[in-house]
Structure formats: structure tokens, C-alpha cells
Amino acid sequence: MAEQATRRAPGRPKKADKATPVAETIVTPPAPKAKAKKPAIKRTEAVQTNKEFEIPRNGGIVYMLPQKGVTVYDASKDTIREIRYCPNEPSIYVDEQSENARREAVLFNEGRIFVPKNKPNLRAFLDAHPENMSNGGGVFKEVDKKLEAEYELKKEFALSEAIDKVRDSDITELLPVAIFFNVNINVPVTEIRYNLLQIAKRKTSDFMQAFDSPQVTTRASIQQASDFQIINIKDDGVYWFDSNSLIVSVPVGQDPKDVITRFCLTEKGASVLSNIEERLERLA
């Protein structure tokens, strides 16, 4: 009988040698992708070489600009001089034009006239003409699209700032302004903000200036003092409600609230305003 091979039972796995460090796998995060560089956009601002003038109102189909007897003040010579447009003359002043000078009509078609750069004398005539609005006239003006765009941008940005003021300001900051513009403050806050928003749209500049005006806060205090019977506002004067003693008299035809507001902003009326504000604080 063949001798069977003796098999040894598998033993325990060898313990790792403590002295041998176990290798750690270090995961390197992927490098952030570089943002795609936006292609540069090149622009060339057009230079306006021609001038344009317009009649803003009632220009009609054709309007002939008066030239007969048109005089302007010449500061360089400190004298009054007559001007007219003659295409073949280098000057617009009659006393500098030749005997053969021939005047040509200056016509606005549908309220507009375009003047090319090769007609400097026509430009000079329109610039100097007394009916030009820049000279105090009331007929025509130069069209400056850049200036008009700047004005419109400024107006729109101011309106946007006013709207943000209505939306973001605390109601305690808005109440004096609301009182100044005669907005009813005894309604929900949303209604106060809505009414102020309408004022901000109509009177943007006045609305924004009101936030930094001492007259606004003073008038608000005066109105509150009247509502809570601290003072009594009458047509002939403003009185303390409890003692009926006169604070300030009101001249005939003037608004009592305006008078007392101006008075409180003077050195003499400062103590009155301080007294009113102290009484209002005690009511809070």
C-alpha cells in the first residue's frame, strides 16, 4: 500500500512586520480647469464729423431760418455785429464779406438740417444764431446724441437708486420723508412704500435729497407734534397745546408748517425743537 503523503494544516498568516511601514495611497485631486479666456471684442468709436440741428417743436415740413437783420454780440471786438450765411464767403459777419456776397436760405426739412464738415461757415452761422437754444433762443438746437445719452443714463441710474432706496430702507428712515411729501403713514408699510415709489418716479431728485435734509426731519417732528397735541397749528401762529402760549406768529398768506419748520431750524427755535422731540420720545 502506497504511503499516503502527510499534509500539513495551513497555519495562521504571518503578522506584518511592525517595522515595515504600510504604503498609503495618496489621491491627488485633479487640477482645476482653467477658465476659457473670452475673446477680446474690439470696437472703434465713430467720430462724428457732421453736425445736426433740429427744431424740437413745430418745425413743420420746411422752416426757413431768418437771416435779415440778425445781429449777435462779438465778445472779441466788444460790439454788436450782423451775421448772414453766404456759401462763398469765409466769414459769417456782414462787415467782413465782399460786395458780391450772396446770401443763401438756411432750410430745416421736417425740423432737421444736416451740416457737413466742408461747410464751416454754415456751422458757424447756426452756432452763433440768436434763435439757437444754446444762445438763449427758442427755435432750434444742436443734436448731441452722446450728451443726450449721458443725460438719459444719469436720469435712469438716479431713478434706479431711488427705487432701491424705497425697497431697502428701514421704515423708520422712510417715515420722515413720507410725512414731508404728505403721504399717509397710518396705513400698512407696503402701502407707504408704494406711495413713496410713485413720488420717487415723479420727483426723483427731490425724493433723494429729502433723505439728507434737516428740514425733512424737522417737518416730520412738527407734524407728529401736531398729531399728538403737543403743539397747535393755526393760521395766525403756532402755539403750545397745553398752555396755549405762542411759539411763533405766522405772517398772512404763509403756510404755518413752513413757518414753524424754518423757525425750529434757527438758533432761537432750537430749544423749541428740542422740547418737541423730548415730548415725542416720551410718547414712544
# chains A, B, ... in the order shown; residues from 1 in each chain; ligands from 1
>>> residues_around(residues="Gln254 (chain A)", least_positions_apart="4", cutoff="10 Å", atoms="only C-alpha atoms", output="PyMOL selection string")
chain A and resi 235-236+250+258-259
>>> write_last_selection(atoms="all heavy atoms", output="compact mmCIF listing (two decimals), in the first residue's frame")
# COMPACT_ATOMS: atom_id res chain seq x y z
N ASP A 235 -53.74 129.36 11.67
CA ASP A 235 -53.38 130.21 10.54
C ASP A 235 -52.57 131.42 10.97
O ASP A 235 -51.73 131.92 10.21
CB ASP A 235 -54.64 130.68 9.80
CG ASP A 235 -55.33 129.54 9.06
OD1 ASP A 235 -54.65 128.53 8.77
OD2 ASP A 235 -56.54 129.66 8.79
N ASP A 236 -52.82 131.92 12.21
CA ASP A 236 -52.13 133.14 12.65
C ASP A 236 -50.87 132.86 13.45
O ASP A 236 -50.08 133.77 13.74
CB ASP A 236 -53.07 134.01 13.48
CG ASP A 236 -53.50 133.32 14.77
OD1 ASP A 236 -53.42 132.07 14.83
OD2 ASP A 236 -53.91 134.01 15.71
N VAL A 250 -47.47 133.58 12.50
CA VAL A 250 -47.44 133.24 11.09
C VAL A 250 -47.90 134.45 10.27
O VAL A 250 -49.03 134.91 10.44
CB VAL A 250 -48.33 132.03 10.78
CG1 VAL A 250 -48.33 131.72 9.28
CG2 VAL A 250 -47.88 130.82 11.58
N ASP A 258 -44.61 125.53 7.29
CA ASP A 258 -43.34 126.01 6.77
C ASP A 258 -42.70 127.00 7.73
O ASP A 258 -41.48 127.00 7.95
CB ASP A 258 -43.54 126.67 5.40
CG ASP A 258 -43.83 125.66 4.30
OD1 ASP A 258 -43.54 124.46 4.51
OD2 ASP A 258 -44.34 126.06 3.24
N VAL A 259 -43.53 127.87 8.30
CA VAL A 259 -43.01 128.91 9.22
C VAL A 259 -42.40 128.28 10.46
O VAL A 259 -41.29 128.62 10.86
CB VAL A 259 -44.13 129.89 9.58
CG1 VAL A 259 -43.66 130.86 10.67
CG2 VAL A 259 -44.58 130.68 8.35
>>> residues_around(residues="Leu196 (chain A)", least_positions_apart="6", cutoff="10 Å", atoms="only C-alpha atoms", output="JSON, numbers by chain")
{"A": [162, 163, 165, 166, 167, 174, 175, 177, 178, 181, 183, 190, 202, 207]}
>>> select_by_dssp(residues="region 105-253 of chain A", states="strand (DSSP E)", output="compact mmCIF listing (two decimals) with N, CA, C and O atoms, in the first residue's frame")
# COMPACT_ATOMS: atom_id res chain seq x y z
N LEU A 107 -32.51 126.15 -44.63
CA LEU A 107 -33.80 125.47 -44.54
C LEU A 107 -33.72 124.23 -43.65
O LEU A 107 -32.81 123.41 -43.78
N PHE A 108 -34.69 124.09 -42.78
CA PHE A 108 -34.88 122.89 -41.98
C PHE A 108 -35.97 122.06 -42.65
O PHE A 108 -37.09 122.54 -42.84
N ASN A 109 -35.65 120.84 -43.02
CA ASN A 109 -36.62 119.94 -43.63
C ASN A 109 -37.13 118.96 -42.59
O ASN A 109 -36.35 118.20 -42.01
N ARG A 112 -35.25 119.32 -39.34
CA ARG A 112 -33.84 118.95 -39.21
C ARG A 112 -33.00 119.54 -40.34
O ARG A 112 -33.49 119.73 -41.45
N ILE A 113 -31.75 119.79 -40.01
CA ILE A 113 -30.78 120.21 -41.02
C ILE A 113 -29.44 119.56 -40.69
O ILE A 113 -29.01 119.55 -39.53
N PHE A 114 -28.81 118.96 -41.72
CA PHE A 114 -27.52 118.30 -41.55
C PHE A 114 -26.44 119.17 -42.20
O PHE A 114 -26.57 119.57 -43.36
N VAL A 115 -25.39 119.43 -41.44
CA VAL A 115 -24.33 120.32 -41.91
C VAL A 115 -23.03 119.52 -42.03
O VAL A 115 -22.48 119.09 -41.02
N LYS A 141 -31.88 123.66 -31.91
CA LYS A 141 -30.73 123.29 -31.08
C LYS A 141 -29.88 122.27 -31.81
O LYS A 141 -30.35 121.61 -32.75
N GLU A 142 -28.65 122.13 -31.39
CA GLU A 142 -27.77 121.12 -31.96
C GLU A 142 -28.10 119.75 -31.37
O GLU A 142 -28.39 119.63 -30.17
N ILE A 231 -48.36 120.60 20.02
CA ILE A 231 -48.48 121.98 19.56
C ILE A 231 -49.81 122.13 18.81
O ILE A 231 -50.40 121.15 18.37
N ASN A 232 -50.24 123.36 18.69
CA ASN A 232 -51.48 123.66 17.99
C ASN A 232 -51.15 124.61 16.84
O ASN A 232 -50.70 125.74 17.08
N ILE A 233 -51.36 124.15 15.62
CA ILE A 233 -51.01 124.94 14.45
C ILE A 233 -52.25 125.65 13.94
O ILE A 233 -53.23 125.01 13.55
N GLY A 237 -50.67 131.57 13.85
CA GLY A 237 -49.49 131.26 14.64
C GLY A 237 -49.49 129.81 15.11
O GLY A 237 -50.46 129.07 14.93
N VAL A 238 -48.38 129.42 15.74
CA VAL A 238 -48.23 128.07 16.29
C VAL A 238 -48.11 128.21 17.80
O VAL A 238 -47.30 129.01 18.30
N TYR A 239 -48.89 127.41 18.54
CA TYR A 239 -48.99 127.55 19.99
C TYR A 239 -48.69 126.21 20.66
O TYR A 239 -48.88 125.15 20.06
N TRP A 240 -48.25 126.29 21.93
CA TRP A 240 -48.17 125.08 22.75
C TRP A 240 -49.60 124.66 23.08
O TRP A 240 -50.43 125.49 23.46
N LEU A 246 -47.92 131.35 22.69
CA LEU A 246 -47.45 131.48 21.32
C LEU A 246 -45.99 131.03 21.18
O LEU A 246 -45.13 131.42 21.96
N ILE A 247 -45.73 130.19 20.18
CA ILE A 247 -44.37 129.80 19.86
C ILE A 247 -43.82 130.73 18.79
O ILE A 247 -42.74 131.32 18.93
N VAL A 248 -44.55 130.90 17.70
CA VAL A 248 -44.15 131.79 16.62
C VAL A 248 -45.40 132.23 15.87
O VAL A 248 -46.33 131.44 15.68
N SER A 249 -45.44 133.49 15.48
CA SER A 249 -46.58 134.01 14.71
C SER A 249 -46.38 133.70 13.23
O SER A 249 -45.24 133.56 12.76
>>> closest_residue(among="A:Phe263, A:Tyr63, A:Tyr151, A:Phe53", to="Glu110 (chain A)", atoms="only C-alpha atoms")
A:Tyr63
>>> select_by_dssp(residues="region 51-220 of chain A", states="alpha helix (DSSP H)", output="ChimeraX atom specification")
/A:120-128,145-168,171-180,189-202,204-210,214-220
>>> closest_residue(among="A:Pro120, A:Lys201, A:Gln229, A:Thr217", to="Glu156 (chain A)", atoms="only C-alpha atoms")
A:Lys201
>>> residues_around(residues="Glu82 (chain A)", least_positions_apart="3", cutoff="6 Å", atoms="only C-alpha atoms", output="list of chain:residue names")
A:Val70, A:Thr71, A:Tyr93, A:Val94
>>> residues_around(residues="Asp127 (chain A)", least_positions_apart="5", cutoff="12 Å", atoms="only C-alpha atoms", output="compact mmCIF listing (two decimals) with N, CA, C and O atoms, in the first residue's frame")
# COMPACT_ATOMS: atom_id res chain seq x y z
N LYS A 51 -22.54 117.85 -38.37
CA LYS A 51 -23.38 118.38 -37.31
C LYS A 51 -24.83 118.28 -37.72
O LYS A 51 -25.17 118.38 -38.90
N GLU A 52 -25.68 118.11 -36.73
CA GLU A 52 -27.10 118.04 -36.98
C GLU A 52 -27.81 119.00 -36.04
O GLU A 52 -27.50 119.06 -34.85
N PHE A 53 -28.75 119.75 -36.58
CA PHE A 53 -29.56 120.67 -35.79
C PHE A 53 -31.03 120.31 -35.99
O PHE A 53 -31.42 119.82 -37.06
N VAL A 72 -25.58 139.69 -33.57
CA VAL A 72 -25.06 138.97 -32.40
C VAL A 72 -23.99 139.83 -31.74
O VAL A 72 -23.42 140.74 -32.36
N ILE A 83 -24.92 139.15 -38.89
CA ILE A 83 -24.44 137.91 -39.50
C ILE A 83 -25.42 137.44 -40.57
O ILE A 83 -26.61 137.77 -40.54
N ARG A 84 -24.89 136.68 -41.53
CA ARG A 84 -25.71 136.02 -42.53
C ARG A 84 -24.89 134.89 -43.14
O ARG A 84 -23.66 134.89 -43.06
N TYR A 85 -25.59 133.93 -43.76
CA TYR A 85 -24.91 132.78 -44.35
C TYR A 85 -24.76 132.99 -45.85
O TYR A 85 -25.75 133.06 -46.59
N ILE A 92 -19.02 134.81 -41.49
CA ILE A 92 -20.47 134.98 -41.36
C ILE A 92 -20.81 136.43 -41.04
O ILE A 92 -22.00 136.80 -41.06
N VAL A 115 -25.39 119.43 -41.44
CA VAL A 115 -24.33 120.32 -41.91
C VAL A 115 -23.03 119.52 -42.03
O VAL A 115 -22.48 119.09 -41.02
N PRO A 120 -17.99 124.94 -43.00
CA PRO A 120 -17.73 125.51 -41.67
C PRO A 120 -18.45 126.83 -41.44
O PRO A 120 -18.79 127.17 -40.30
N ASN A 121 -18.68 127.61 -42.54
CA ASN A 121 -19.36 128.88 -42.35
C ASN A 121 -20.84 128.68 -41.99
O ASN A 121 -21.41 129.45 -41.22
N LEU A 122 -21.46 127.62 -42.54
CA LEU A 122 -22.85 127.32 -42.16
C LEU A 122 -22.91 126.86 -40.70
O LEU A 122 -23.82 127.24 -39.96
N ASN A 132 -30.72 129.93 -31.70
CA ASN A 132 -30.16 128.68 -31.20
C ASN A 132 -30.40 128.62 -29.69
O ASN A 132 -30.12 129.58 -28.96
N MET A 133 -30.92 127.51 -29.21
CA MET A 133 -31.26 127.39 -27.79
C MET A 133 -30.04 127.54 -26.89
O MET A 133 -30.17 127.97 -25.74
N SER A 134 -28.87 127.18 -27.40
CA SER A 134 -27.66 127.34 -26.59
C SER A 134 -27.31 128.81 -26.39
O SER A 134 -26.54 129.15 -25.49
N ASN A 135 -27.88 129.69 -27.22
CA ASN A 135 -27.66 131.13 -27.09
C ASN A 135 -28.85 131.83 -26.43
O ASN A 135 -28.93 133.05 -26.43
N GLY A 136 -29.78 131.03 -25.90
CA GLY A 136 -30.95 131.60 -25.25
C GLY A 136 -32.16 131.69 -26.16
O GLY A 136 -33.20 132.21 -25.75
N GLY A 137 -32.05 131.20 -27.40
CA GLY A 137 -33.17 131.23 -28.33
C GLY A 137 -34.17 130.14 -28.05
O GLY A 137 -34.00 129.32 -27.14
N PHE A 140 -34.30 126.34 -32.41
CA PHE A 140 -33.59 125.11 -32.76
C PHE A 140 -32.42 124.87 -31.82
O PHE A 140 -32.03 125.75 -31.04
N LYS A 141 -31.88 123.66 -31.91
CA LYS A 141 -30.73 123.29 -31.08
C LYS A 141 -29.88 122.27 -31.81
O LYS A 141 -30.35 121.61 -32.75
N GLU A 142 -28.65 122.13 -31.39
CA GLU A 142 -27.77 121.12 -31.96
C GLU A 142 -28.10 119.75 -31.37
O GLU A 142 -28.39 119.63 -30.17
N VAL A 143 -28.11 118.74 -32.20
CA VAL A 143 -28.36 117.37 -31.74
C VAL A 143 -27.04 116.76 -31.31
O VAL A 143 -26.14 116.57 -32.12
>>> residues_around(residues="Pro176 (chain A)", least_positions_apart="2", cutoff="12 Å", atoms="only C-alpha atoms", output="PDB file with N, CA, C and O atoms, in the first residue's frame")
ATOM      1  N   ASP A 170     -35.056 101.073   5.917  1.00  0.00           N
ATOM      2  CA  ASP A 170     -35.923 100.728   7.032  1.00  0.00           C
ATOM      3  C   ASP A 170     -37.082 101.717   7.071  1.00  0.00           C
ATOM      4  O   ASP A 170     -36.939 102.886   6.709  1.00  0.00           O
ATOM      5  N   ILE A 171     -38.230 101.241   7.535  1.00  0.00           N
ATOM      6  CA  ILE A 171     -39.413 102.089   7.531  1.00  0.00           C
ATOM      7  C   ILE A 171     -39.214 103.332   8.389  1.00  0.00           C
ATOM      8  O   ILE A 171     -39.773 104.402   8.101  1.00  0.00           O
ATOM      9  N   THR A 172     -38.406 103.249   9.440  1.00  0.00           N
ATOM     10  CA  THR A 172     -38.155 104.417  10.283  1.00  0.00           C
ATOM     11  C   THR A 172     -37.413 105.513   9.521  1.00  0.00           C
ATOM     12  O   THR A 172     -37.557 106.692   9.831  1.00  0.00           O
ATOM     13  N   GLU A 173     -36.629 105.115   8.532  1.00  0.00           N
ATOM     14  CA  GLU A 173     -35.933 106.088   7.698  1.00  0.00           C
ATOM     15  C   GLU A 173     -36.860 106.682   6.653  1.00  0.00           C
ATOM     16  O   GLU A 173     -36.679 107.838   6.227  1.00  0.00           O
ATOM     17  N   LEU A 174     -37.871 105.920   6.259  1.00  0.00           N
ATOM     18  CA  LEU A 174     -38.793 106.379   5.222  1.00  0.00           C
ATOM     19  C   LEU A 174     -39.908 107.274   5.763  1.00  0.00           C
ATOM     20  O   LEU A 174     -40.438 108.114   5.030  1.00  0.00           O
ATOM     21  N   ALA A 178     -41.891 110.371   4.054  1.00  0.00           N
ATOM     22  CA  ALA A 178     -43.309 110.208   3.734  1.00  0.00           C
ATOM     23  C   ALA A 178     -44.121 111.384   4.276  1.00  0.00           C
ATOM     24  O   ALA A 178     -44.993 111.926   3.576  1.00  0.00           O
ATOM     25  N   ILE A 179     -43.836 111.803   5.495  1.00  0.00           N
ATOM     26  CA  ILE A 179     -44.551 112.944   6.085  1.00  0.00           C
ATOM     27  C   ILE A 179     -44.272 114.213   5.299  1.00  0.00           C
ATOM     28  O   ILE A 179     -45.166 115.023   5.046  1.00  0.00           O
ATOM     29  N   PHE A 180     -43.019 114.379   4.880  1.00  0.00           N
ATOM     30  CA  PHE A 180     -42.630 115.581   4.128  1.00  0.00           C
ATOM     31  C   PHE A 180     -43.413 115.687   2.821  1.00  0.00           C
ATOM     32  O   PHE A 180     -43.800 116.777   2.395  1.00  0.00           O
ATOM     33  N   PHE A 181     -43.661 114.542   2.183  1.00  0.00           N
ATOM     34  CA  PHE A 181     -44.403 114.536   0.917  1.00  0.00           C
ATOM     35  C   PHE A 181     -45.905 114.279   1.114  1.00  0.00           C
ATOM     36  O   PHE A 181     -46.606 113.922   0.170  1.00  0.00           O
ATOM     37  N   ASN A 182     -46.374 114.466   2.360  1.00  0.00           N
ATOM     38  CA  ASN A 182     -47.804 114.347   2.680  1.00  0.00           C
ATOM     39  C   ASN A 182     -48.371 112.969   2.373  1.00  0.00           C
ATOM     40  O   ASN A 182     -49.521 112.827   1.915  1.00  0.00           O
ATOM     41  N   VAL A 183     -47.578 111.936   2.612  1.00  0.00           N
ATOM     42  CA  VAL A 183     -48.039 110.557   2.455  1.00  0.00           C
ATOM     43  C   VAL A 183     -48.630 110.086   3.780  1.00  0.00           C
ATOM     44  O   VAL A 183     -48.029 110.291   4.843  1.00  0.00           O
ATOM     45  N   ASN A 184     -49.783 109.482   3.726  1.00  0.00           N
ATOM     46  CA  ASN A 184     -50.424 108.965   4.923  1.00  0.00           C
ATOM     47  C   ASN A 184     -49.585 107.824   5.507  1.00  0.00           C
ATOM     48  O   ASN A 184     -49.332 106.826   4.824  1.00  0.00           O
ATOM     49  N   ILE A 185     -49.142 107.978   6.758  1.00  0.00           N
ATOM     50  CA  ILE A 185     -48.300 106.950   7.376  1.00  0.00           C
ATOM     51  C   ILE A 185     -49.101 105.998   8.259  1.00  0.00           C
ATOM     52  O   ILE A 185     -48.528 105.048   8.799  1.00  0.00           O
ATOM     53  N   ILE A 192     -47.254 102.412   2.243  1.00  0.00           N
ATOM     54  CA  ILE A 192     -46.363 103.577   2.377  1.00  0.00           C
ATOM     55  C   ILE A 192     -45.247 103.499   1.343  1.00  0.00           C
ATOM     56  O   ILE A 192     -44.942 104.480   0.653  1.00  0.00           O
ATOM     57  N   LEU A 196     -44.530 106.075  -1.792  1.00  0.00           N
ATOM     58  CA  LEU A 196     -43.217 106.715  -1.928  1.00  0.00           C
ATOM     59  C   LEU A 196     -42.573 106.368  -3.264  1.00  0.00           C
ATOM     60  O   LEU A 196     -41.860 107.183  -3.848  1.00  0.00           O
ATOM     61  N   PHE A 207     -36.832 113.617  -4.151  1.00  0.00           N
ATOM     62  CA  PHE A 207     -37.000 112.467  -3.259  1.00  0.00           C
ATOM     63  C   PHE A 207     -35.668 112.078  -2.624  1.00  0.00           C
ATOM     64  O   PHE A 207     -35.585 111.864  -1.409  1.00  0.00           O
ATOM     65  N   ALA A 210     -34.310 114.535  -0.047  1.00  0.00           N
ATOM     66  CA  ALA A 210     -35.069 114.591   1.195  1.00  0.00           C
ATOM     67  C   ALA A 210     -34.428 113.771   2.314  1.00  0.00           C
ATOM     68  O   ALA A 210     -34.597 114.087   3.491  1.00  0.00           O
ATOM     69  N   PHE A 211     -33.677 112.733   1.965  1.00  0.00           N
ATOM     70  CA  PHE A 211     -33.085 111.864   2.988  1.00  0.00           C
ATOM     71  C   PHE A 211     -31.962 112.557   3.755  1.00  0.00           C
ATOM     72  O   PHE A 211     -31.634 112.162   4.868  1.00  0.00           O
ATOM     73  N   ASP A 212     -31.352 113.566   3.176  1.00  0.00           N
ATOM     74  CA  ASP A 212     -30.251 114.265   3.837  1.00  0.00           C
ATOM     75  C   ASP A 212     -30.636 115.684   4.249  1.00  0.00           C
ATOM     76  O   ASP A 212     -29.770 116.484   4.582  1.00  0.00           O
ATOM     77  N   SER A 213     -31.911 115.977   4.236  1.00  0.00           N
ATOM     78  CA  SER A 213     -32.361 117.334   4.533  1.00  0.00           C
ATOM     79  C   SER A 213     -32.819 117.460   5.983  1.00  0.00           C
ATOM     80  O   SER A 213     -33.743 116.756   6.415  1.00  0.00           O
ATOM     81  N   PRO A 214     -32.215 118.377   6.762  1.00  0.00           N
ATOM     82  CA  PRO A 214     -32.698 118.594   8.136  1.00  0.00           C
ATOM     83  C   PRO A 214     -34.107 119.160   8.160  1.00  0.00           C
ATOM     84  O   PRO A 214     -34.844 118.964   9.125  1.00  0.00           O
ATOM     85  N   GLN A 215     -34.508 119.830   7.101  1.00  0.00           N
ATOM     86  CA  GLN A 215     -35.860 120.372   7.021  1.00  0.00           C
ATOM     87  C   GLN A 215     -36.898 119.251   7.009  1.00  0.00           C
ATOM     88  O   GLN A 215     -37.993 119.391   7.573  1.00  0.00           O
ATOM     89  N   VAL A 216     -36.548 118.125   6.384  1.00  0.00           N
ATOM     90  CA  VAL A 216     -37.479 116.997   6.295  1.00  0.00           C
ATOM     91  C   VAL A 216     -37.720 116.390   7.671  1.00  0.00           C
ATOM     92  O   VAL A 216     -38.872 116.152   8.068  1.00  0.00           O
ATOM     93  N   THR A 217     -36.655 116.120   8.403  1.00  0.00           N
ATOM     94  CA  THR A 217     -36.809 115.519   9.734  1.00  0.00           C
ATOM     95  C   THR A 217     -37.492 116.482  10.700  1.00  0.00           C
ATOM     96  O   THR A 217     -38.289 116.069  11.542  1.00  0.00           O
ATOM     97  N   THR A 218     -37.190 117.771  10.563  1.00  0.00           N
ATOM     98  CA  THR A 218     -37.823 118.768  11.434  1.00  0.00           C
ATOM     99  C   THR A 218     -39.316 118.866  11.145  1.00  0.00           C
ATOM    100  O   THR A 218     -40.135 118.917  12.068  1.00  0.00           O
ATOM    101  N   ARG A 219     -39.661 118.886   9.860  1.00  0.00           N
ATOM    102  CA  ARG A 219     -41.084 118.966   9.500  1.00  0.00           C
ATOM    103  C   ARG A 219     -41.832 117.722   9.971  1.00  0.00           C
ATOM    104  O   ARG A 219     -42.999 117.813  10.365  1.00  0.00           O
ATOM    105  N   ALA A 220     -41.171 116.574   9.929  1.00  0.00           N
ATOM    106  CA  ALA A 220     -41.802 115.349  10.416  1.00  0.00           C
ATOM    107  C   ALA A 220     -42.093 115.454  11.913  1.00  0.00           C
ATOM    108  O   ALA A 220     -43.166 115.039  12.382  1.00  0.00           O
ATOM    109  N   SER A 221     -41.141 116.001  12.655  1.00  0.00           N
ATOM    110  CA  SER A 221     -41.356 116.182  14.099  1.00  0.00           C
ATOM    111  C   SER A 221     -42.487 117.160  14.365  1.00  0.00           C
ATOM    112  O   SER A 221     -43.302 116.959  15.279  1.00  0.00           O
ATOM    113  N   ILE A 222     -42.554 118.234  13.568  1.00  0.00           N
ATOM    114  CA  ILE A 222     -43.623 119.223  13.720  1.00  0.00           C
ATOM    115  C   ILE A 222     -44.984 118.578  13.458  1.00  0.00           C
ATOM    116  O   ILE A 222     -45.948 118.779  14.209  1.00  0.00           O
ATOM    117  N   GLN A 223     -45.068 117.773  12.397  1.00  0.00           N
ATOM    118  CA  GLN A 223     -46.326 117.112  12.061  1.00  0.00           C
ATOM    119  C   GLN A 223     -46.751 116.139  13.161  1.00  0.00           C
ATOM    120  O   GLN A 223     -47.932 116.088  13.542  1.00  0.00           O
ATOM    121  N   GLN A 224     -45.792 115.367  13.688  1.00  0.00           N
ATOM    122  CA  GLN A 224     -46.093 114.444  14.771  1.00  0.00           C
ATOM    123  C   GLN A 224     -46.536 115.187  16.029  1.00  0.00           C
ATOM    124  O   GLN A 224     -47.473 114.763  16.720  1.00  0.00           O
TER     125      GLN A 224
END
>>> atom_distance(atom1="CA of Pro56 (chain A)", atom2="CA of Gly111 (chain A)")
7.1 Å
